[in-house]
>>> print(open('structure_29.txt').read())   # compact mmCIF, C-alpha atoms and all ligand atoms
# COMPACT_ATOMS: atom_id res chain seq x y z
CA MET P 181 1.49 9.33 16.96
CA GLY P 182 -2.06 9.80 18.18
CA GLY P 183 -3.25 9.12 21.66
CA ARG P 184 -5.76 7.45 23.85
CA LEU P 185 -9.02 8.17 25.58
CA VAL P 186 -9.07 7.17 29.25
CA ASN P 187 -12.57 7.26 30.72
CA GLY P 188 -13.44 9.71 27.96
CA THR P 189 -10.46 12.07 28.47
CA TRP P 190 -7.86 12.44 25.71
CA TYR P 191 -4.14 11.92 26.33
CA ALA P 192 -1.60 12.30 23.50
CA GLU P 193 0.60 9.23 23.72
CA GLY P 194 2.47 6.71 21.59
CA TYR P 195 2.38 2.94 21.72
CA GLU P 196 3.30 1.00 24.86
CA PRO P 197 5.49 -1.97 23.87
CA ASP P 198 5.60 -5.29 25.75
CA ALA P 199 8.54 -6.11 28.04
CA ASP P 200 10.65 -7.20 25.04
CA GLY P 201 9.97 -4.11 22.94
CA ARG P 202 7.30 -5.63 20.72
CA PHE P 203 4.48 -3.51 19.28
CA VAL P 204 1.12 -4.63 20.67
CA ARG P 205 -2.05 -3.71 18.76
CA GLN P 206 -5.16 -3.24 20.89
CA SER P 207 -8.26 -5.27 20.09
CA SER P 208 -11.26 -3.48 18.65
CA VAL P 209 -13.96 -2.70 21.19
CA PHE P 210 -17.18 -2.09 19.26
CA ARG P 211 -18.26 -5.40 17.75
CA GLU P 212 -21.98 -5.17 17.02
CA TRP P 213 -23.23 -6.43 13.66
CA THR P 214 -25.57 -5.04 10.99
CA ARG P 215 -28.05 -7.75 9.98
CA ASP P 216 -30.66 -7.80 7.28
CA THR P 217 -33.46 -9.33 9.34
CA GLY P 218 -36.69 -7.71 10.47
CA ASP P 219 -35.86 -7.82 14.17
CA ALA P 220 -32.22 -6.75 13.88
CA ARG P 221 -31.09 -3.84 16.06
CA PHE P 222 -28.82 -2.51 13.29
CA ARG P 223 -30.55 -3.25 10.00
CA PRO P 224 -28.82 -1.97 6.84
CA GLU P 225 -30.80 0.91 5.41
CA ALA P 226 -29.69 3.58 2.91
CA GLY P 227 -28.47 6.70 4.72
CA ARG P 228 -28.80 5.32 8.26
CA PHE P 229 -25.15 4.38 8.72
CA HIS P 230 -21.94 6.31 8.13
CA LEU P 231 -18.38 5.12 7.58
CA PHE P 232 -15.40 7.03 8.99
CA VAL P 233 -12.08 6.24 7.33
CA SER P 234 -8.58 7.39 6.58
CA LEU P 235 -7.44 6.85 2.98
CA ALA P 236 -3.98 6.18 4.41
CA CYS P 237 -5.02 3.37 6.70
CA PRO P 238 -4.75 -0.19 5.34
CA TRP P 239 -7.53 -1.42 7.67
CA ALA P 240 -9.96 1.29 6.62
CA HIS P 241 -8.96 0.77 2.99
CA ARG P 242 -10.35 -2.79 3.13
CA THR P 243 -13.83 -1.44 3.88
CA LEU P 244 -13.59 1.17 1.11
CA ILE P 245 -12.80 -1.52 -1.44
CA MET P 246 -15.81 -3.63 -0.43
CA ARG P 247 -18.06 -0.54 -0.34
CA ARG P 248 -17.01 0.19 -3.92
CA LEU P 249 -17.32 -3.43 -5.10
CA ARG P 250 -20.85 -3.55 -3.70
CA GLY P 251 -21.71 -0.13 -5.17
CA LEU P 252 -22.72 1.24 -1.77
CA ASP P 253 -21.41 4.77 -2.37
CA GLN P 254 -24.89 6.30 -2.06
CA ALA P 255 -26.29 3.98 0.61
CA LEU P 256 -23.31 4.27 2.94
CA PRO P 257 -21.75 7.75 2.96
CA VAL P 258 -18.15 8.13 4.04
CA SER P 259 -16.04 10.75 5.84
CA VAL P 260 -12.30 10.93 5.30
CA VAL P 261 -9.91 12.28 7.96
CA HIS P 262 -6.79 14.37 7.28
CA PRO P 263 -3.73 12.15 6.69
CA ASP P 264 -1.71 13.57 9.61
CA MET P 265 -2.24 11.79 12.93
CA LEU P 266 -0.36 13.70 15.61
CA ASP P 267 -1.07 14.88 19.18
CA ASP P 268 -4.80 15.24 18.59
CA GLY P 269 -5.14 11.96 16.72
CA TRP P 270 -7.22 11.81 13.54
CA GLU P 271 -8.77 15.15 12.59
CA PHE P 272 -11.27 16.51 10.09
CA ARG P 273 -9.24 19.22 8.38
CA GLU P 274 -8.88 20.47 4.85
CA PHE P 275 -6.71 18.38 2.53
CA PRO P 276 -7.33 17.12 -1.02
CA GLY P 277 -9.56 14.06 -0.71
CA SER P 278 -10.39 14.68 2.97
CA THR P 279 -13.86 15.69 4.14
CA ASP P 280 -15.56 17.16 7.17
CA ASP P 281 -17.85 15.21 9.47
CA PRO P 282 -21.47 15.77 8.45
CA VAL P 283 -22.78 13.53 11.25
CA LEU P 284 -21.66 15.33 14.41
CA GLY P 285 -19.74 18.24 12.90
CA ALA P 286 -16.72 17.00 14.85
CA ARG P 287 -13.25 18.50 14.55
CA TYR P 288 -11.53 15.38 15.93
CA MET P 289 -12.25 11.71 15.41
CA ARG P 290 -12.12 11.18 19.18
CA GLU P 291 -15.41 13.11 19.46
CA ILE P 292 -17.10 10.26 17.59
CA TYR P 293 -15.86 7.81 20.21
CA GLN P 294 -16.85 10.17 23.04
CA ALA P 295 -20.33 10.49 21.55
CA ALA P 296 -20.69 6.70 21.41
CA ASP P 297 -19.37 6.23 24.94
CA PRO P 298 -18.50 9.25 27.12
CA GLU P 299 -16.41 6.92 29.32
CA PHE P 300 -14.56 5.23 26.46
CA THR P 301 -11.05 3.94 27.17
CA GLY P 302 -8.84 2.98 24.25
CA ARG P 303 -7.20 4.25 21.09
CA VAL P 304 -9.22 6.19 18.56
CA THR P 305 -8.92 4.14 15.39
CA VAL P 306 -10.47 4.02 11.94
CA PRO P 307 -12.47 2.49 10.32
CA VAL P 308 -15.64 3.22 12.29
CA LEU P 309 -19.17 2.23 11.29
CA TRP P 310 -21.57 4.74 12.89
CA ASP P 311 -25.33 4.48 13.32
CA ARG P 312 -27.12 7.82 12.97
CA ARG P 313 -30.31 6.45 14.52
CA GLU P 314 -28.85 5.19 17.78
CA GLN P 315 -26.01 7.73 17.70
CA THR P 316 -23.43 5.10 18.39
CA ILE P 317 -20.53 3.15 16.95
CA VAL P 318 -21.70 -0.21 15.64
CA ASN P 319 -18.27 -1.62 14.92
CA ASN P 320 -14.64 -0.48 14.60
CA GLU P 321 -13.00 -3.69 13.37
CA SER P 322 -12.19 -3.71 9.66
CA ARG P 323 -12.53 -7.46 9.23
CA ASP P 324 -16.07 -7.36 10.63
CA ILE P 325 -17.09 -4.33 8.56
CA LEU P 326 -15.67 -5.97 5.43
CA ARG P 327 -17.77 -9.10 6.09
CA MET P 328 -20.91 -7.08 6.83
CA LEU P 329 -20.67 -5.09 3.59
CA ASP P 330 -20.01 -8.33 1.73
CA HIS P 331 -22.90 -10.34 3.22
CA ASP P 332 -25.40 -8.17 5.07
CA TRP P 333 -25.80 -5.23 2.68
CA ARG P 334 -26.74 -7.19 -0.43
CA ALA P 335 -30.35 -5.99 -0.50
CA LEU P 336 -29.06 -2.41 -0.87
CA SER P 337 -26.39 -3.29 -3.40
CA PRO P 338 -26.66 -2.90 -7.17
CA ASN P 339 -23.95 -5.62 -7.40
CA PRO P 340 -24.86 -8.24 -4.79
CA GLU P 341 -22.67 -10.86 -6.51
CA PRO P 342 -20.16 -12.41 -6.29
CA ASP P 343 -19.89 -13.52 -2.70
CA PHE P 344 -16.35 -12.69 -1.53
CA ALA P 345 -16.52 -15.20 1.32
CA PRO P 346 -18.64 -18.04 -0.06
CA GLU P 347 -19.72 -20.84 2.26
CA GLU P 348 -17.65 -23.53 0.53
CA LEU P 349 -14.45 -21.49 0.95
CA ARG P 350 -15.29 -19.89 4.30
CA ASP P 351 -12.94 -21.94 6.48
CA GLN P 352 -10.07 -21.46 4.06
CA ILE P 353 -10.73 -17.73 3.87
CA GLU P 354 -10.79 -17.37 7.68
CA ALA P 355 -7.59 -19.40 7.97
CA THR P 356 -5.92 -17.26 5.29
CA LEU P 357 -7.03 -14.00 6.92
CA ASP P 358 -5.51 -15.26 10.17
CA ALA P 359 -2.37 -16.47 8.41
CA ILE P 360 -1.61 -13.13 6.76
CA TYR P 361 -2.65 -10.93 9.72
CA GLU P 362 0.18 -11.39 12.24
CA PRO P 363 3.21 -11.72 9.95
CA ILE P 364 2.13 -9.35 7.14
CA ASN P 365 -0.74 -6.90 7.86
CA ASN P 366 0.37 -6.33 11.44
CA GLY P 367 3.93 -7.48 10.76
CA VAL P 368 4.94 -4.31 8.91
CA TYR P 369 3.87 -2.30 11.98
CA LYS P 370 5.74 -4.68 14.27
CA CYS P 371 8.90 -4.03 12.21
CA GLY P 372 8.40 -0.28 12.26
CA PHE P 373 7.41 0.13 15.88
CA ALA P 374 9.76 -2.47 17.40
CA GLN P 375 11.56 -1.00 20.40
CA SER P 376 14.35 -3.57 20.53
CA GLN P 377 16.57 -5.13 17.86
CA THR P 378 15.29 -8.57 18.86
CA ALA P 379 11.66 -7.55 18.44
CA TYR P 380 12.50 -6.08 15.03
CA GLU P 381 14.35 -9.20 13.85
CA GLU P 382 11.50 -11.42 15.00
CA ALA P 383 8.95 -9.30 13.09
CA ALA P 384 11.14 -9.10 9.95
CA ASP P 385 11.68 -12.88 9.96
CA GLY P 386 7.94 -13.45 10.18
CA LEU P 387 7.17 -10.87 7.51
CA PHE P 388 9.66 -11.97 4.88
CA GLY P 389 9.02 -15.65 5.59
CA ALA P 390 5.31 -15.10 4.95
CA LEU P 391 5.88 -13.02 1.80
CA ALA P 392 8.10 -15.77 0.36
CA TYR P 393 5.45 -18.37 1.20
CA TRP P 394 2.63 -16.49 -0.54
CA ASP P 395 4.84 -15.62 -3.51
CA GLY P 396 5.32 -19.39 -3.94
CA LYS P 397 1.57 -20.10 -3.61
CA LEU P 398 0.72 -17.43 -6.16
CA ALA P 399 2.98 -19.08 -8.74
CA GLU P 400 0.25 -21.71 -9.21
CA GLN P 401 -2.98 -19.96 -8.34
CA ARG P 402 -4.48 -16.64 -9.25
CA PHE P 403 -5.62 -15.67 -5.73
CA LEU P 404 -4.80 -16.51 -2.12
CA CYS P 405 -7.63 -19.06 -1.82
CA GLY P 406 -7.49 -20.49 -5.34
CA ASP P 407 -9.21 -19.27 -8.48
CA ARG P 408 -11.67 -16.85 -6.83
CA LEU P 409 -11.10 -13.32 -5.60
CA THR P 410 -12.02 -13.30 -1.90
CA GLU P 411 -11.89 -11.07 1.16
CA ALA P 412 -8.42 -12.47 1.85
CA ASP P 413 -7.09 -10.82 -1.33
CA ILE P 414 -8.58 -7.49 -0.30
CA CYS P 415 -6.85 -7.77 3.07
CA LEU P 416 -3.46 -8.60 1.58
CA TYR P 417 -3.78 -5.96 -1.15
CA THR P 418 -4.01 -2.99 1.22
CA THR P 419 -0.68 -3.95 2.80
CA LEU P 420 1.09 -4.82 -0.48
CA VAL P 421 0.14 -1.59 -2.23
CA ARG P 422 1.71 0.46 0.61
CA PHE P 423 4.82 -1.68 0.89
CA ASP P 424 7.41 -0.30 -1.52
CA ALA P 425 6.33 3.34 -1.15
CA VAL P 426 6.22 3.34 2.65
CA TYR P 427 6.89 0.18 4.65
CA ALA P 428 10.17 -0.69 2.92
CA VAL P 429 11.61 2.68 3.97
CA HIS P 430 9.65 4.06 6.92
CA PHE P 431 9.08 0.75 8.76
CA LYS P 432 12.49 -0.76 7.77
CA CYS P 433 10.82 -3.63 5.87
CA SER P 434 13.93 -3.49 3.79
CA GLN P 435 14.97 -7.06 3.01
CA ASN P 436 12.99 -7.18 -0.22
CA ARG P 437 10.51 -4.96 -2.00
CA ILE P 438 7.28 -6.30 -3.47
CA VAL P 439 8.70 -5.69 -6.97
CA ASP P 440 11.38 -8.27 -6.10
CA TYR P 441 8.75 -11.03 -5.82
CA PRO P 442 7.63 -11.98 -9.34
CA ASN P 443 4.28 -13.47 -8.33
CA LEU P 444 3.36 -10.98 -5.62
CA TRP P 445 4.24 -8.07 -7.87
CA ASN P 446 2.18 -9.36 -10.80
CA TYR P 447 -0.67 -10.24 -8.40
CA LEU P 448 -0.55 -6.73 -6.92
CA ARG P 449 -0.85 -5.14 -10.38
CA ASP P 450 -3.69 -7.53 -11.26
CA LEU P 451 -5.62 -6.40 -8.15
CA TYR P 452 -4.77 -2.72 -8.58
CA GLN P 453 -6.23 -2.77 -12.08
CA ARG P 454 -9.58 -4.24 -10.99
CA PRO P 455 -12.63 -2.11 -10.16
CA GLY P 456 -12.56 -1.05 -6.50
CA PHE P 457 -8.83 -1.45 -5.89
CA GLY P 458 -6.67 1.14 -7.68
CA GLU P 459 -9.47 3.71 -7.59
CA THR P 460 -9.60 3.61 -3.78
CA THR P 461 -5.80 3.73 -3.42
CA ASP P 462 -4.56 7.23 -2.58
CA LEU P 463 -0.78 7.27 -2.41
CA ARG P 464 -0.74 10.95 -1.52
CA HIS P 465 -2.67 10.29 1.71
CA ILE P 466 -0.73 7.09 2.33
CA ARG P 467 2.75 8.60 2.01
CA ARG P 468 1.91 11.80 3.85
CA HIS P 469 0.27 9.91 6.73
CA TYR P 470 3.07 7.52 7.58
CA TYR P 471 6.11 9.74 7.08
CA VAL P 472 4.54 12.65 9.00
CA SER P 473 2.62 10.86 11.77
CA HIS P 474 5.41 8.97 13.53
CA PRO P 475 8.05 11.53 14.56
CA PHE P 476 9.53 8.96 16.97
CA ILE P 477 10.77 6.98 13.96
CA ASN P 478 11.01 9.79 11.38
CA PRO P 479 11.84 13.00 13.30
CA THR P 480 12.37 15.10 10.13
CA GLN P 481 8.88 14.15 8.89
CA HIS P 482 10.20 14.36 5.33
CA ILE P 483 8.21 12.33 2.85
CA ALA P 484 10.46 9.88 0.98
CA ARG P 485 10.28 9.95 -2.81
CA MET P 486 7.81 7.70 -4.52
CA PRO P 487 9.72 4.73 -5.99
CA ASP P 488 9.62 4.44 -9.74
CA ILE P 489 6.99 1.69 -9.98
CA ASP P 490 3.96 1.38 -12.22
CA PHE P 491 0.86 -0.34 -10.85
CA THR P 492 -0.85 0.08 -14.21
CA ALA P 493 1.75 -1.87 -16.22
CA SER P 494 0.54 -5.12 -17.77
CA HIS P 495 0.78 -8.32 -15.68
CA ASP P 496 1.04 -12.04 -16.33
CA ARG P 497 -1.86 -13.30 -14.19
CA PHE P 498 -4.19 -14.16 -17.08
CA ARG P 499 -2.18 -17.37 -17.45
CA LEU P 500 -3.91 -18.65 -14.29
CA PRO P 501 -7.61 -19.61 -14.23
CA GLU P 502 -10.17 -17.37 -12.54
CA SER P 503 -13.73 -18.33 -11.71
CA ALA P 504 -16.42 -15.80 -10.85
N1 LIG Y 1 -8.03 -3.81 14.30
C1 LIG Y 1 -8.39 -2.54 13.72
C2 LIG Y 1 -7.16 -1.67 13.59
C3 LIG Y 1 -7.47 -0.29 13.09
C4 LIG Y 1 -6.26 0.65 13.29
O1 LIG Y 1 -5.38 0.38 14.10
N2 LIG Y 1 -6.25 1.78 12.56
C5 LIG Y 1 -5.16 2.73 12.69
C6 LIG Y 1 -4.89 3.45 11.40
S1 LIG Y 1 -3.94 2.54 10.26
C7 LIG Y 1 -5.54 3.82 13.65
O2 LIG Y 1 -6.59 4.42 13.52
N3 LIG Y 1 -4.66 4.11 14.63
C8 LIG Y 1 -4.85 5.17 15.56
C9 LIG Y 1 -3.99 4.98 16.77
O3 LIG Y 1 -3.43 3.90 16.94
O4 LIG Y 1 -3.89 5.93 17.55
C10 LIG Y 1 -9.04 -2.81 12.39
O5 LIG Y 1 -8.60 -3.67 11.64
O6 LIG Y 1 -10.02 -2.12 12.09
>>> encode(input="structure_29.txt", output="structure tokens")
Amino acid sequence: MGGRLVNGTWYAEGYEPDADGRFVRQSSVFREWTRDTGDARFRPEAGRFHLFVSLACPWAHRTLIMRRLRGLDQALPVSVVHPDMLDDGWEFREFPGSTDDPVLGARYMREIYQAADPEFTGRVTVPVLWDRREQTIVNNESRDILRMLDHDWRALSPNPEPDFAPEELRDQIEATLDAIYEPINNGVYKCGFAQSQTAYEEAADGLFGALAYWDGKLAEQRFLCGDRLTEADICLYTTLVRFDAVYAVHFKCSQNRIVDYPNLWNYLRDLYQRPGFGETTDLRHIRRHYYVSHPFINPTQHIARMPDIDFTASHDRFRLPESA
């Protein structure tokens, strides 16, 4: 469930829908940028910055994939919150795969926001990119952090290539990121958190319409933007890999499962089996987080069984061309 800081004070509270019962996601507030130029305020440097994530969260997961693809594990340390997000919001507490906070020694993620801005108003979300030098949050928007790690951290990266948002595909990548965001990435939440039947139907129509569209596209091309793996694939992956285990049940995204879409399902296995993807996917954190953290939609907090699906099974995507 989580809560909200109001002028720096914490209140446990759920999500306020719009007048028609629709889930409304707040916009990210910290939007500074790390730049690799001599005069930059936030210049990438090994050990200066710190990434706060949840392994359950699809937004944070995007940044973990790029961090791994760029081999930034040493240069950009990470802290992982406990999967439960209840009245105190995200916490640093013992759980397999979770860590403490070596930066501020915080017990709660909200302390990181309070340290950045004692008067902060808003929800306490992950991912967060923290600057140890200025003791502040640089950015808490996954799409920005993904782009920064892709483009602005190359000098620190043992694998600076390929570019996952190359100039010649940039407009198409931005358009694709926008196209999948509302109906799919945010759409699963809009299904799950809808507070009226109409709001739910609207979200489900958008979601399953978009899944059918991309399943059709992926019949003829290996990736969302053609024959190159891009940031758009990373952003779709983190929703798809959670879908059958969680969203189909917990968020009532029940019309079809991903395994029912031949191209999406093969595409998902293709991505899972690449470096950076499967290895950053923690279904234990994912399943525990969702089923436990939203008692208003799952009051028993029981964790539904893992469906019998195998992300490591062979796939048919090699039939489609891929360029590096
Ligand atoms: N627009 C943000 C969204 C991040 C976000 O909403 N993260 C969720 C976890 S999946 C969160 O921390 N929610 C806490 C809350 O809403 O209280 C991004 O993409 O980084």
>>> closest_atom_pairs(input="structure_29.txt", of="stretch 263-308 of chain P", to="stretch 214-237 of chain P", cutoff="7 Å", atoms="all atoms listed in the file", output="Markdown table")
| residue | atom | partner | partner_atom | distance |
| --- | --- | --- | --- | --- |
| P:Pro263 | CA | P:Ala236 | CA | 6.4 |
| P:Val306 | CA | P:Val233 | CA | 5.4 |
| P:Pro307 | CA | P:Val233 | CA | 4.8 |
| P:Val308 | CA | P:Phe232 | CA | 5.0 |
>>> residues_around(input="structure_29.txt", residues="stretch 245-257 of chain P", least_positions_apart="3", cutoff="7 Å", atoms="all atoms listed in the file", output="PyMOL selection string")
chain P and resi 226-227+229-231+241-242+326+329-330+337-340+456-457+460
>>> residues_near_ligand(input="structure_29.txt", ligand="ligand LIG 1 (chain Y)", cutoff="7 Å", atoms="only C-alpha atoms and all ligand atoms", output="PyMOL selection string")
chain P and resi 181-184+207-208+236-240+269+303-307+320-323
>>> closest_residue(input="structure_29.txt", among="P:Ile489, P:Ile360, P:Leu500, P:Val258", to="P:Thr279", atoms="all atoms listed in the file")
P:Val258
>>> closest_residue(input="structure_29.txt", among="P:Leu185, P:Leu266, P:Val439, P:Ile466", to="P:Phe491", atoms="only C-alpha atoms")
P:Val439
>>> closest_residue(input="structure_29.txt", among="P:Asp395, P:Ile353, P:Met289, P:Thr410", to="P:Glu341", atoms="all atoms listed in the file")
P:Thr410
>>> closest_residue(input="structure_29.txt", among="P:Arg408, P:Arg312, P:Arg211, P:His469", to="P:Ile292", atoms="all atoms listed in the file")
P:Arg312
>>> residues_near_point(input="structure_29.txt", point="(-15.1, -24.1, -1.5)", cutoff="12 Å", atoms="all atoms listed in the file", output="list in words")
Asp343, Phe344, Ala345, Pro346, Glu347, Glu348, Leu349, Arg350, Asp351, Gln352, Ile353, Cys405, Gly406, Asp407, Arg408, Thr410 and Ser503 of chain P
>>> atom_distance(input="structure_29.txt", atom1="atom CA of P:Glu362", atom2="atom CA of P:Ala383")
9.1 Å
>>> residues_near_point(input="structure_29.txt", point="(-3.0, -13.0, -8.9)", cutoff="9 Å", atoms="all atoms listed in the file", output="PyMOL selection string")
chain P and resi 398-399+401-404+407+409+413+443-451+496-498+500
>>> write_last_selection(input="structure_29.txt", atoms="C-alpha atoms", output="PDB file, in the coordinates of the input")
ATOM      1  CA  LEU P 398       0.720 -17.430  -6.160  1.00  0.00           C
ATOM      2  CA  ALA P 399       2.980 -19.080  -8.740  1.00  0.00           C
ATOM      3  CA  GLN P 401      -2.980 -19.960  -8.340  1.00  0.00           C
ATOM      4  CA  ARG P 402      -4.480 -16.640  -9.250  1.00  0.00           C
ATOM      5  CA  PHE P 403      -5.620 -15.670  -5.730  1.00  0.00           C
ATOM      6  CA  LEU P 404      -4.800 -16.510  -2.120  1.00  0.00           C
ATOM      7  CA  ASP P 407      -9.210 -19.270  -8.480  1.00  0.00           C
ATOM      8  CA  LEU P 409     -11.100 -13.320  -5.600  1.00  0.00           C
ATOM      9  CA  ASP P 413      -7.090 -10.820  -1.330  1.00  0.00           C
ATOM     10  CA  ASN P 443       4.280 -13.470  -8.330  1.00  0.00           C
ATOM     11  CA  LEU P 444       3.360 -10.980  -5.620  1.00  0.00           C
ATOM     12  CA  TRP P 445       4.240  -8.070  -7.870  1.00  0.00           C
ATOM     13  CA  ASN P 446       2.180  -9.360 -10.800  1.00  0.00           C
ATOM     14  CA  TYR P 447      -0.670 -10.240  -8.400  1.00  0.00           C
ATOM     15  CA  LEU P 448      -0.550  -6.730  -6.920  1.00  0.00           C
ATOM     16  CA  ARG P 449      -0.850  -5.140 -10.380  1.00  0.00           C
ATOM     17  CA  ASP P 450      -3.690  -7.530 -11.260  1.00  0.00           C
ATOM     18  CA  LEU P 451      -5.620  -6.400  -8.150  1.00  0.00           C
ATOM     19  CA  ASP P 496       1.040 -12.040 -16.330  1.00  0.00           C
ATOM     20  CA  ARG P 497      -1.860 -13.300 -14.190  1.00  0.00           C
ATOM     21  CA  PHE P 498      -4.190 -14.160 -17.080  1.00  0.00           C
ATOM     22  CA  LEU P 500      -3.910 -18.650 -14.290  1.00  0.00           C
TER      23      LEU P 500
END
>>> closest_residue(input="structure_29.txt", among="P:Lys370, P:Phe388, P:Thr461, P:His474", to="P:Leu244", atoms="only C-alpha atoms")
P:Thr461
>>> residues_around(input="structure_29.txt", residues="P:Phe476", least_positions_apart="2", cutoff="10 Å", atoms="only C-alpha atoms", output="PyMOL selection string")
chain P and resi 181+194+373+473-474+478-481
>>> atom_distance(input="structure_29.txt", atom1="atom CA of P:Leu463", atom2="atom CA of P:Ala412")
21.6 Å
>>> closest_residue(input="structure_29.txt", among="P:Val204, P:Val261, P:Met328, P:Cys415", to="P:Arg287", atoms="only C-alpha atoms")
P:Val261
>>> axis_aligned_box(input="structure_29.txt", around="stretch 426-445 of chain P", padding_each_side="4 Å", output="AutoDock Vina command-line options")
--center_x 9.2 --center_y -4.7 --center_z -0.3 --size_x 19.6 --size_y 25.5 --size_z 26.1
>>> atom_distance(input="structure_29.txt", atom1="atom CA of P:Thr419", atom2="atom CA of P:Thr243")
13.4 Å
>>> build_atoms(input="structure_29.txt", residues="stretch 266-286 of chain P", atoms="N, CA and C atoms", output="PDB file, in the frame of the given file")
ATOM      1  N   LEU P 266      -1.370  13.265  14.635  1.00  0.00           N
ATOM      2  CA  LEU P 266      -0.360  13.700  15.610  1.00  0.00           C
ATOM      3  C   LEU P 266      -0.968  13.797  17.006  1.00  0.00           C
ATOM      4  N   ASP P 267      -0.655  14.860  17.759  1.00  0.00           N
ATOM      5  CA  ASP P 267      -1.070  14.880  19.180  1.00  0.00           C
ATOM      6  C   ASP P 267      -2.579  14.834  19.402  1.00  0.00           C
ATOM      7  N   ASP P 268      -3.349  15.283  18.429  1.00  0.00           N
ATOM      8  CA  ASP P 268      -4.800  15.240  18.590  1.00  0.00           C
ATOM      9  C   ASP P 268      -5.428  14.032  17.914  1.00  0.00           C
ATOM     10  N   GLY P 269      -4.596  13.132  17.414  1.00  0.00           N
ATOM     11  CA  GLY P 269      -5.140  11.960  16.720  1.00  0.00           C
ATOM     12  C   GLY P 269      -5.727  12.365  15.373  1.00  0.00           C
ATOM     13  N   TRP P 270      -6.598  11.523  14.845  1.00  0.00           N
ATOM     14  CA  TRP P 270      -7.220  11.810  13.540  1.00  0.00           C
ATOM     15  C   TRP P 270      -8.099  13.050  13.642  1.00  0.00           C
ATOM     16  N   GLU P 271      -8.017  13.891  12.601  1.00  0.00           N
ATOM     17  CA  GLU P 271      -8.770  15.150  12.590  1.00  0.00           C
ATOM     18  C   GLU P 271      -9.522  15.316  11.280  1.00  0.00           C
ATOM     19  N   PHE P 272     -10.604  16.077  11.319  1.00  0.00           N
ATOM     20  CA  PHE P 272     -11.270  16.510  10.090  1.00  0.00           C
ATOM     21  C   PHE P 272     -10.721  17.887   9.768  1.00  0.00           C
ATOM     22  N   ARG P 273      -9.924  17.970   8.726  1.00  0.00           N
ATOM     23  CA  ARG P 273      -9.240  19.220   8.380  1.00  0.00           C
ATOM     24  C   ARG P 273      -9.034  19.207   6.879  1.00  0.00           C
ATOM     25  N   GLU P 274      -8.936  20.394   6.297  1.00  0.00           N
ATOM     26  CA  GLU P 274      -8.880  20.470   4.850  1.00  0.00           C
ATOM     27  C   GLU P 274      -7.613  19.840   4.266  1.00  0.00           C
ATOM     28  N   PHE P 275      -7.808  19.025   3.264  1.00  0.00           N
ATOM     29  CA  PHE P 275      -6.710  18.380   2.530  1.00  0.00           C
ATOM     30  C   PHE P 275      -7.377  17.756   1.309  1.00  0.00           C
ATOM     31  N   PRO P 276      -6.685  17.721   0.157  1.00  0.00           N
ATOM     32  CA  PRO P 276      -7.330  17.120  -1.020  1.00  0.00           C
ATOM     33  C   PRO P 276      -7.763  15.676  -0.743  1.00  0.00           C
ATOM     34  N   GLY P 277      -9.036  15.404  -0.935  1.00  0.00           N
ATOM     35  CA  GLY P 277      -9.560  14.060  -0.710  1.00  0.00           C
ATOM     36  C   GLY P 277     -10.092  13.844   0.693  1.00  0.00           C
ATOM     37  N   SER P 278      -9.829  14.789   1.620  1.00  0.00           N
ATOM     38  CA  SER P 278     -10.390  14.680   2.970  1.00  0.00           C
ATOM     39  C   SER P 278     -11.739  15.392   3.001  1.00  0.00           C
ATOM     40  N   THR P 279     -12.534  15.084   4.024  1.00  0.00           N
ATOM     41  CA  THR P 279     -13.860  15.690   4.140  1.00  0.00           C
ATOM     42  C   THR P 279     -14.057  16.206   5.565  1.00  0.00           C
ATOM     43  N   ASP P 280     -15.203  16.847   5.785  1.00  0.00           N
ATOM     44  CA  ASP P 280     -15.560  17.160   7.170  1.00  0.00           C
ATOM     45  C   ASP P 280     -16.432  16.017   7.701  1.00  0.00           C
ATOM     46  N   ASP P 281     -16.977  16.213   8.877  1.00  0.00           N
ATOM     47  CA  ASP P 281     -17.850  15.210   9.470  1.00  0.00           C
ATOM     48  C   ASP P 281     -19.270  15.742   9.471  1.00  0.00           C
ATOM     49  N   PRO P 282     -20.102  15.255   8.543  1.00  0.00           N
ATOM     50  CA  PRO P 282     -21.470  15.770   8.450  1.00  0.00           C
ATOM     51  C   PRO P 282     -22.394  15.181   9.523  1.00  0.00           C
ATOM     52  N   VAL P 283     -21.911  14.204  10.276  1.00  0.00           N
ATOM     53  CA  VAL P 283     -22.780  13.530  11.250  1.00  0.00           C
ATOM     54  C   VAL P 283     -22.845  14.318  12.545  1.00  0.00           C
ATOM     55  N   LEU P 284     -21.688  14.608  13.123  1.00  0.00           N
ATOM     56  CA  LEU P 284     -21.660  15.330  14.410  1.00  0.00           C
ATOM     57  C   LEU P 284     -20.998  16.699  14.260  1.00  0.00           C
ATOM     58  N   GLY P 285     -20.480  16.994  13.076  1.00  0.00           N
ATOM     59  CA  GLY P 285     -19.740  18.240  12.900  1.00  0.00           C
ATOM     60  C   GLY P 285     -18.477  18.268  13.750  1.00  0.00           C
ATOM     61  N   ALA P 286     -17.889  17.110  13.971  1.00  0.00           N
ATOM     62  CA  ALA P 286     -16.720  17.000  14.850  1.00  0.00           C
ATOM     63  C   ALA P 286     -15.472  17.581  14.198  1.00  0.00           C
TER      64      ALA P 286
END
